[in-house]
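Student: This is the structure I want to talk about, given as structure tokens.
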Amino acid sequence: MSRFVRTLIALFFVPMLATAAERDSLRRFGAELTVGTGKVMSIDEYQKKIMYGDATSVFGISLTYGALPKDSDAFAADYGYPSFSFGLRYSDHHRVTMQRTEDPEWEQYVPVDYKSRMGNIVTAYASFNRPLLRTDKWEIDYMISMGVGYSNKKWNNRDAIDNLLIGSRWLIYFGAGLHTTYRIMPQWGIRAGIDYYHHSNGSMNMPNKGANVLGPVLGLVYYPYYDEVLKHRHHFRPEPFKRYFYFNFSASVGMKALNEEFQQTQFYTPPDSPDYCKNDFNKYVTWSAQADLMCRYARRWASGVGVDLFYGRYVDDLKEMEKTWKQADKYSRWSVGIAAKHEVFYRQFSIAMSFGWYLYRHVGLRSKALEQPYYERIGLYYTFRSLGNVRLGFNVKAHRTRADYTEMCLSVPIRLNL
């Protein structure tokens with residue numbers, strides 16, 4: 001019987017069959033059951049007008065893996081021996097309803113006589129849970145998670161015409177939270193805190209306002225590794241990290257649907273037209289490049305500044321759309337921005353974040369009304385050490401949490417010897 005099969009049997013069926021080494025390995029694994037409530041946040045006045053019900057509930061189950069001091073892992077030591085969760089969560093949104101009533105802002109849109117429901121979402125995710133404080137009885141931690149969700153409902157022009165939050169069944173998930181755990185027994189704890197989570201399709205379809213939920217959570221935690229981490233967390237002292245600078249060059253290709261096209265069919269198309277509130281929207285390829293100067297001043301972190309270059313042929317179609325409305329003075333496929341960059345590392349994985357400001361951007365009048373002069377990016381990367389630390393990942397570019405597009409990115413760091 002292979003070791004892998006024996007470990008599975010030991011974990012789920014017959015613990016007495018495990019060897020001493022396997023039982024020790026199983027002590028790294030824990031579990032958590034979570035329940036919570038929350039509300040869908042309205043991120044702008046437009047959303048506030050259409051929201052009728054915003055109450056949600058969430059139920060989750062996860063398997064956790066704890067890093068231990070005896071691993072002599074420098075990253076784990078720097079983070080205070082974090083844990084990783086892999087789980088499923090069910091977001092109950094049956095009380096989230098939307099409806100547009102008579103309003104001059106809707107232009108040619110004709111309100112319907114029913115409320116649209118958002119739909120419930122099942123999410124598979126992975127979380128990074130970092131402790132900020134550990135004592136015999138109490139633990140405080142923060143959580144960051146990413147995953148993929150599936151919704152049983154999405155926007156359509158038949159029975160969910162005002163569900164402007166979710167425009168596709170497959171969704172990108174991002175979550176964050178702050179929690180406090182009280183140990184009721186050596187291996188068990190009660191966890192309470194507040195979670196934020198976001199579901200959207202990354203602007204790969206329309207509509208895509210996205211669902212932003214904030215609310216309290218309560219959980220039952222099983223963590224057999226807690227005492228070992230608590231007692232031995234200071235035993236391993238990693239080598240001091242040597243700061244260095246590096247250039248980071250990236251190239252990305254993405255996909256987006258146009259919010260402007262969605263608005264065109266909703267508000268500026270006569271109700272008797274076949275394009276009025278249509279279900280299908282064009283998809284466009286986007287291109288971008290980044291050149292950053294970064295300083296990795298800790299094993300965990302790097303920060304810097306960079307120049308972002310964007311290119312999209314979709315601007316030609318935006319110009320064509322606005323011929324029947326009102327045109328801007330300039331249209332350009334190219335945009336340029338300058339951005340502050342920050343990246344968080346754990347072994348070969350990293351989360352890259354940036355906040356940028358457009359120096360040059362001309363994409364029409366409607367885009368100017370929908371966008372901000374600033375933009376955000378967040379992405380998950382994996383570093384291939386055998387390929388000279390080349391990184392591959394994905395980003396979501398957004399304007400005030402509303403996705404602009406989703407992209408795949410290849411990044412090449414070049415270390416500077418100063």
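Labeling convention for the structure tokens: chains A, B, ... as they appear, residues from 1 per chain, ligands from 1 in order of appearance.
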Run DSSP on the backbone and give me the residues of segment 217-418 of chain A it puts in strand (DSSP E or B), as a ChimeraX atom specification.
Tutor: /A:217-222,244-256,284-296,301-312,331,334-346,349-360,363,374-384,390-399,402-416
Student: Env of Leu370 of chain A: 10 Å cut, atoms = only C-alpha atoms, seq-sep filter 3 positions within chain, self excluded. Answer as a PyMOL selection string.
Tutor: chain A and resi 259-260+365-367+399+402
Student: Excluding Gly177 of chain A and any residue of its chain fewer than 4 positions from it, enumerate the residues within 7 Å of it, using only C-alpha atoms, and give them as a list in words.
Tutor: Tyr142, Met143, Ile144, Ile194, Asp195 and Tyr196 of chain A
Student: Go ahead and save the residues from that selection, with N, CA and C atoms, as a PDB file, in the first residue's frame.
Tutor:
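The resulting part.pdb:
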```pdb
ATOM      1  N   TYR A 142      -5.517  37.821  10.031  1.00  0.00           N
ATOM      2  CA  TYR A 142      -6.221  38.340   8.852  1.00  0.00           C
ATOM      3  C   TYR A 142      -6.146  37.297   7.751  1.00  0.00           C
ATOM      4  N   MET A 143      -7.085  37.389   6.810  1.00  0.00           N
ATOM      5  CA  MET A 143      -7.234  36.395   5.746  1.00  0.00           C
ATOM      6  C   MET A 143      -7.330  37.102   4.400  1.00  0.00           C
ATOM      7  N   ILE A 144      -6.672  36.516   3.401  1.00  0.00           N
ATOM      8  CA  ILE A 144      -6.821  36.937   2.001  1.00  0.00           C
ATOM      9  C   ILE A 144      -7.092  35.686   1.184  1.00  0.00           C
ATOM     10  N   ILE A 194     -15.070  39.640  10.787  1.00  0.00           N
ATOM     11  CA  ILE A 194     -15.799  40.312   9.712  1.00  0.00           C
ATOM     12  C   ILE A 194     -15.106  40.000   8.391  1.00  0.00           C
ATOM     13  N   ASP A 195     -15.893  39.641   7.381  1.00  0.00           N
ATOM     14  CA  ASP A 195     -15.372  39.270   6.066  1.00  0.00           C
ATOM     15  C   ASP A 195     -15.907  40.196   4.993  1.00  0.00           C
ATOM     16  N   TYR A 196     -15.079  40.439   4.018  1.00  0.00           N
ATOM     17  CA  TYR A 196     -15.486  41.109   2.779  1.00  0.00           C
ATOM     18  C   TYR A 196     -15.230  40.136   1.642  1.00  0.00           C
TER      19      TYR A 196
END
```
Student: Quick one: everything within 12 Å of Asp92 of chain A, counting only C-alpha atoms, minus sequence neighbours fewer than 6 positions away in the same chain. Send it as JSON, numbers by chain.
Tutor: {"A": [35, 36, 37, 38, 39, 40, 54, 55, 56, 57, 58, 59, 60, 117, 118, 119, 120, 121, 122, 123, 151, 152, 153, 213]}
Student: For a test of reading the model, state the distance in Å between atom CA of Ala77 of chain A and atom CA of Asn129 of chain A, rounded to one decimal.
Tutor: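 So the two atoms, atom CA of Ala77 of chain A and atom CA of Asn129 of chain A, lie 13.6 Å apart.
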Student: Taking into account only C-alpha atoms, which residue in the set A:Met204, A:Met98, A:Ala31, A:Ile414 is nearest to Trp188 of chain A?
Tutor: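 For Trp188 of chain A, the nearest of the given residues is A:Ala31.
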Student: What is the distance, in Å and to one decimal place, between atom CA of Phe86 of chain A and atom CA of Gly30 of chain A?
Tutor: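 We find that atom CA of Phe86 of chain A and atom CA of Gly30 of chain A lie 10.6 Å from each other.
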Student: May I ask which of the residues A:Val112, A:Met41, A:Ala192, A:Ile184 is the closest one to Asp159 of chain A, counting only C-alpha atoms?
Tutor: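 For Asp159 of chain A, the nearest of the candidates is A:Val112.
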Student: Excluding Asp162 of chain A and any residue of its chain fewer than 6 positions from it, enumerate the residues within 8 Å of it, using only C-alpha atoms, and give them as a list in words.
Tutor: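 With the cut-off at 8 Å, the set is Ile50, Met98, Gln99, Arg100, Lys115, Ser116 and Trp155 of chain A.
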